[in-house]
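Engineer: Mind having a look at this structure? Questions to follow.
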Amino acid sequence: MYVDIAKFMMAASKASTKTDIDNLLRQLPVVSEDEYLYDAENPGHLWQEGKFHWIPVGRDRGNAGRIKLAHQPINPIAERVINGFEAIIELCRQRELKINSAIESPRNPRDSVKRYFGIPALDQIPKMEQKARTELSQITREIAKKLRVRLIRNKDTADFTISIEDEGIGQSPDKVHATLLSLGSTSKGDKPYLIGVFGQGGSSAYSACEYSWVMSSKAPDLLDGETPGVGWSVIKHVFPKGRRDDYFAYLAAHPDGRVPNCDENVAKKLGINHGTRFVHVNYDFGGFKSQVVRTLYPALNHVLFNPVLPYELYAASAEADLMSGNSYRLSRLFLRRQQQPVFDKTYSHQVITAQR
Ligand SMILES: Nc1ncnc2c1ncn2[C@@H]1O[C@H](COP(=O)(O)OP(=O)(O)O)[C@@H](O)[C@H]1O
Ligand SMILES: [Mg+2]
């Protein structure tokens with residue numbers, strides 16, 4: 001079986017329907033989930049050399065319960081957006097440390113966006129001069145471009161695909177399985193300037209869609225011996241023959257869990273420098289399909305009420321909406337009416353620390 005990986009990845013980067021993903025999978029040497037059953041004690045058992053195999057997300061065969069936890073389908077999307085904020089912040093932090101390893105970390109996420117992007121907390125904006133405020137709105141528009149949520153409507157089936165792509169630090173192909181495709185583990189426990197800590201949340205998106213596609217590439221200047229290029233995988237819901245215990249699995253290239261990868265040249269052709277993209281195909285938003293395009297904007301602004309960074313939303317449109325959360329939108333209403341104070345609420349940090 002021969003696959004032109006550059007061509008394959010180009011098609012993969014555009015895939016947005018179930019048929020697209022099925023066609024991509026057909027080009028690959030994939031061992032069916034009925035032929036290879038992952039055994040955490042001995043993952044090499046039944047492994048066929050040179051082929052891809054389905055391995056449970058988090059390398060946990062019993063992952064379905066936790067992955068199905070999301071309640072509202074918008075929640076895992078918001079979790080992924082938050083992961084994107086953190087990846088953008090972490091890129092700045094790791095570059096800062098490279099220049100001077102003694103610089104103390106920001107104390108919290110707000111502190112880090114102030115330090116790296118000059119974005120103040122919302123209640124500080126009214127105190128700014130008009131000129132600084134104008135500059136801030138330009139900075140905001142630029143930064144928002146680093147994190148994009150795209151809703152794509154399949155014209156034939158009326159289904160929706162949603163992707164979340166960031167230009168953050170990314171993960172190297174060696175680490176995708178242990179981070180992006182992990183469950184219940186985090187790389188953020190010792191980082192007060194980041195948000196997530198439970199290693200859970202975004203993965204619930206798998207249960208709301210038919211296929212997910214992930215691609216990630218770590219910032220080349222921060223590789224530190226890790227494999228360059230793009231790590232990628234597909235995630236699907238597996239219903240084993242004759243059994244009731246379904247689970248979620250991703251396509252792996254090695255029994256140790258590592259995902260397939262392609263090298264820097266292919267990454268260059270794809271225009272990927274660094275960052276992560278999750279695509280969730282045929283995402284079920286619940287409710288009426290006719291409302292999805294209209295409600296995504298208010299729904300995201302509601303759940304990400306006061307986000308630390310702005311982002312863009314392409315709601316089935318080539319035009320982006322700038323997303324800053326309802327807290328900011330409310331404050332703008334005041335601004336327009338020239339009332340003072342512009343926004344009367346401050347939001348204290350919600351720090352999650354272990355309780356003794
Ligand atoms: N967009 C992303 N870019 C880089 N790494 C990511 C991204 N999203 C998730 N990760 C990695 O995957 C891990 C698991 O993510 P998640 O399940 O959201 O847990 P948490 O955010 O609580 O750590 C993170 O700790 C991080 O290492
Ligand atoms: Mg998270």
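Ordering of the structure tokens sets the chain letters (A, B, ...); residue numbers start at 1 within each chain; ligands are numbered from 1 in the order shown.
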For stretch 317-327 of chain A, work out the shell of residues within 10 Å, counting only C-alpha atoms and skipping chain neighbours fewer than 2 positions away, then give it as a VMD selection string.

Structural biologist: chain A and resid 122 140 to 141 144 to 145 148 to 153 293 297 to 315 329 to 332 343 345 to 347

Engineer: Show me which residues sit within 12 Å of ligand 2 when counting only C-alpha atoms and all ligand atoms, and put them as an NGL selection string.

Structural biologist: :A and (75-87 or 179-189 or 194-204)

Engineer: Could you pull the residues within 12 Å of A:His71, counting only C-alpha atoms, minus those fewer than 2 positions along the same chain, as a list of chain:residue names?

Structural biologist: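 Once the nearby chain positions are removed, what remains is A:Arg66, A:Ile67, A:Lys68, A:Leu69, A:Pro73, A:Ile74, A:Asn75, A:Pro76, A:Gly201, A:Ser204, A:Ala205, A:Ser207, A:Ala208, A:Phe285, A:Gly286.
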
Engineer: Using backbone DSSP assignments, extract all strand (DSSP E or B) residues from stretch 77-269 of chain A; output them as a PyMOL selection string.

Structural biologist: chain A and resi 147-153+160-166+211-217+230-238+247-252+261-262

Engineer: Can I get the selected residues back with C-alpha atoms, as a PDB file, in the first residue's frame?

Structural biologist:
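This is the output file result_13.pdb:
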```
ATOM      1  CA  LEU A 147      -7.472  30.922  17.709  1.00  0.00           C
ATOM      2  CA  ARG A 148     -10.283  30.106  15.328  1.00  0.00           C
ATOM      3  CA  VAL A 149     -13.517  28.205  15.788  1.00  0.00           C
ATOM      4  CA  ARG A 150     -15.075  27.204  12.500  1.00  0.00           C
ATOM      5  CA  LEU A 151     -18.542  25.861  11.924  1.00  0.00           C
ATOM      6  CA  ILE A 152     -18.930  24.148   8.564  1.00  0.00           C
ATOM      7  CA  ARG A 153     -22.309  23.126   7.239  1.00  0.00           C
ATOM      8  CA  PHE A 160     -22.307  20.328  11.011  1.00  0.00           C
ATOM      9  CA  THR A 161     -18.598  20.011  11.501  1.00  0.00           C
ATOM     10  CA  ILE A 162     -16.827  22.166  14.007  1.00  0.00           C
ATOM     11  CA  SER A 163     -13.119  22.800  14.240  1.00  0.00           C
ATOM     12  CA  ILE A 164     -11.015  24.548  16.838  1.00  0.00           C
ATOM     13  CA  GLU A 165      -7.555  25.554  15.686  1.00  0.00           C
ATOM     14  CA  ASP A 166      -4.888  27.424  17.573  1.00  0.00           C
ATOM     15  CA  TYR A 211     -15.313  11.277  13.761  1.00  0.00           C
ATOM     16  CA  SER A 212     -12.719  13.649  15.135  1.00  0.00           C
ATOM     17  CA  TRP A 213      -9.499  14.560  13.434  1.00  0.00           C
ATOM     18  CA  VAL A 214      -6.540  15.961  15.326  1.00  0.00           C
ATOM     19  CA  MET A 215      -3.332  17.479  14.011  1.00  0.00           C
ATOM     20  CA  SER A 216      -0.646  19.110  16.084  1.00  0.00           C
ATOM     21  CA  SER A 217       2.805  20.488  15.578  1.00  0.00           C
ATOM     22  CA  VAL A 230       2.957  17.007  12.507  1.00  0.00           C
ATOM     23  CA  GLY A 231       1.362  14.327  14.661  1.00  0.00           C
ATOM     24  CA  TRP A 232      -2.157  13.401  13.606  1.00  0.00           C
ATOM     25  CA  SER A 233      -4.899  10.934  14.325  1.00  0.00           C
ATOM     26  CA  VAL A 234      -8.577  10.092  13.893  1.00  0.00           C
ATOM     27  CA  ILE A 235     -10.887   9.388  16.805  1.00  0.00           C
ATOM     28  CA  LYS A 236     -14.084   7.338  16.568  1.00  0.00           C
ATOM     29  CA  HIS A 237     -16.687   5.605  18.684  1.00  0.00           C
ATOM     30  CA  VAL A 238     -16.119   1.835  18.719  1.00  0.00           C
ATOM     31  CA  TYR A 247     -15.422   2.969  23.913  1.00  0.00           C
ATOM     32  CA  PHE A 248     -13.617   5.731  22.030  1.00  0.00           C
ATOM     33  CA  ALA A 249     -10.471   4.957  20.091  1.00  0.00           C
ATOM     34  CA  TYR A 250      -7.842   6.776  18.066  1.00  0.00           C
ATOM     35  CA  LEU A 251      -5.624   5.642  15.268  1.00  0.00           C
ATOM     36  CA  ALA A 252      -2.167   4.795  16.593  1.00  0.00           C
ATOM     37  CA  ASN A 261       3.236  11.646  11.907  1.00  0.00           C
ATOM     38  CA  CYS A 262       4.584  13.435   8.873  1.00  0.00           C
TER      39      CYS A 262
END
```

Engineer: Could you tell me which of A:Lys127, A:His254, A:Arg93, A:Lys98 comes closest to A:Lys51 if we count only C-alpha atoms?

Structural biologist: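 So, comparing all the options, the nearest one is A:His254.
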
Engineer: Would you mind telling me which residue in A:Ile55, A:Leu270, A:Ala219, A:Ala11 lies nearest to ligand 1 when using only C-alpha atoms and all ligand atoms?

Structural biologist: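 With only C-alpha atoms and all ligand atoms as the atom set, the closest residue is A:Ala219.
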
Engineer: Looking at A:Gln171, A:Thr227, A:Asn273, A:Gln124, which one is nearest to ligand 1, with distances taken over only C-alpha atoms and all ligand atoms?

Structural biologist: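 Among A:Gln171, A:Thr227, A:Asn273, A:Gln124, it is A:Gln171 that comes nearest to ligand 1.
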
Engineer: To one decimal in Å, tell me the separation between atom 4 (C, counted along the ligand's line) of ligand 1 and atom CA of A:Tyr116.

Structural biologist: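 Computing the Euclidean distance for atom 4 (C, counted along the ligand's line) of ligand 1 and atom CA of A:Tyr116 yields 17.6 Å.
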
Engineer: Tell me, as a list of chain:residue names, which residues lie within 12 Å of A:Glu41, counting only C-alpha atoms; anything in the same chain fewer than 3 positions away does not count.

Structural biologist: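 Listing them by chain and then by number gives A:Leu37, A:Tyr38, A:Gly44, A:His45, A:Arg59, A:Asp60, A:Arg61, A:Pro255, A:Asp256.
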
Engineer: Go ahead and write the residues just picked, N, CA and C atoms, as a PDB file, in the first residue's frame.

Structural biologist:
```pdb
ATOM      1  N   LEU A  37      -7.372  -6.025  19.699  1.00  0.00           N
ATOM      2  CA  LEU A  37      -7.984  -5.543  20.938  1.00  0.00           C
ATOM      3  C   LEU A  37      -6.873  -5.072  21.857  1.00  0.00           C
ATOM      4  N   TYR A  38      -6.919  -3.805  22.221  1.00  0.00           N
ATOM      5  CA  TYR A  38      -5.847  -3.224  23.028  1.00  0.00           C
ATOM      6  C   TYR A  38      -5.780  -3.871  24.400  1.00  0.00           C
ATOM      7  N   GLY A  44       1.553  -4.832  22.503  1.00  0.00           N
ATOM      8  CA  GLY A  44       2.149  -5.368  21.270  1.00  0.00           C
ATOM      9  C   GLY A  44       1.476  -6.653  20.811  1.00  0.00           C
ATOM     10  N   HIS A  45       0.644  -7.263  21.674  1.00  0.00           N
ATOM     11  CA  HIS A  45      -0.032  -8.511  21.321  1.00  0.00           C
ATOM     12  C   HIS A  45      -1.012  -8.278  20.164  1.00  0.00           C
ATOM     13  N   ARG A  59      -5.633   5.501  26.534  1.00  0.00           N
ATOM     14  CA  ARG A  59      -5.228   4.084  26.656  1.00  0.00           C
ATOM     15  C   ARG A  59      -6.006   3.397  27.782  1.00  0.00           C
ATOM     16  N   ASP A  60      -7.297   3.717  27.791  1.00  0.00           N
ATOM     17  CA  ASP A  60      -8.186   3.182  28.821  1.00  0.00           C
ATOM     18  C   ASP A  60      -9.428   2.618  28.132  1.00  0.00           C
ATOM     19  N   ARG A  61      -9.515   1.304  28.112  1.00  0.00           N
ATOM     20  CA  ARG A  61     -10.611   0.623  27.432  1.00  0.00           C
ATOM     21  C   ARG A  61     -11.975   1.030  27.996  1.00  0.00           C
ATOM     22  N   PRO A 255       2.524   0.477  19.219  1.00  0.00           N
ATOM     23  CA  PRO A 255       1.849  -0.137  20.374  1.00  0.00           C
ATOM     24  C   PRO A 255       1.980   0.704  21.647  1.00  0.00           C
ATOM     25  N   ASP A 256       3.016   1.554  21.729  1.00  0.00           N
ATOM     26  CA  ASP A 256       3.149   2.399  22.928  1.00  0.00           C
ATOM     27  C   ASP A 256       2.174   3.573  22.902  1.00  0.00           C
TER      28      ASP A 256
END
```

Engineer: Please identify which residues in stretch 123-250 of chain A DSSP calls alpha helix (DSSP H) from the backbone, and express them as a list in words.

Structural biologist: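 Result set for stretch 123-250 of chain A (alpha helix (DSSP H)): Gln130, Lys131, Ala132, Arg133, Thr134, Glu135, Leu136, Ser137, Gln138, Ile139, Thr140, Arg141, Glu142, Ile143 and Ala144 of chain A.
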
Engineer: From the set A:Met128, A:Ile272, A:Ala253, A:Val281, which residue has the shortest atom-to-atom contact distance to A:Pro43, counting only C-alpha atoms?

Structural biologist: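 Looking at the shortest contact to A:Pro43, the residue is A:Ala253.
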
Engineer: Would you work out the distance separating atom CA of A:Pro240 from atom 21 (O, counted along the ligand's line) of ligand 1, expressed in Å to one decimal?

Structural biologist: 29.4 Å

Engineer: Using only C-alpha atoms and all ligand atoms, which residue out of A:Cys92, A:Ala40, A:Ile169, A:Leu296 lies closest to ligand 1?

Structural biologist: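 Answer, going by the shortest atom-to-atom distance: A:Ile169.
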
Engineer: So, with only C-alpha atoms as the atoms that count, which of A:Tyr2, A:Trp47, A:Tyr206, A:Phe8 lies closest to A:Ala64?

Structural biologist: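 Among the listed residues, the smallest separation from A:Ala64 belongs to A:Tyr206.
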
Engineer: Quote the spacing between atom CA of A:Ile139 and atom CA of A:Glu104 in Å to one decimal place.

Structural biologist: 24.7 Å
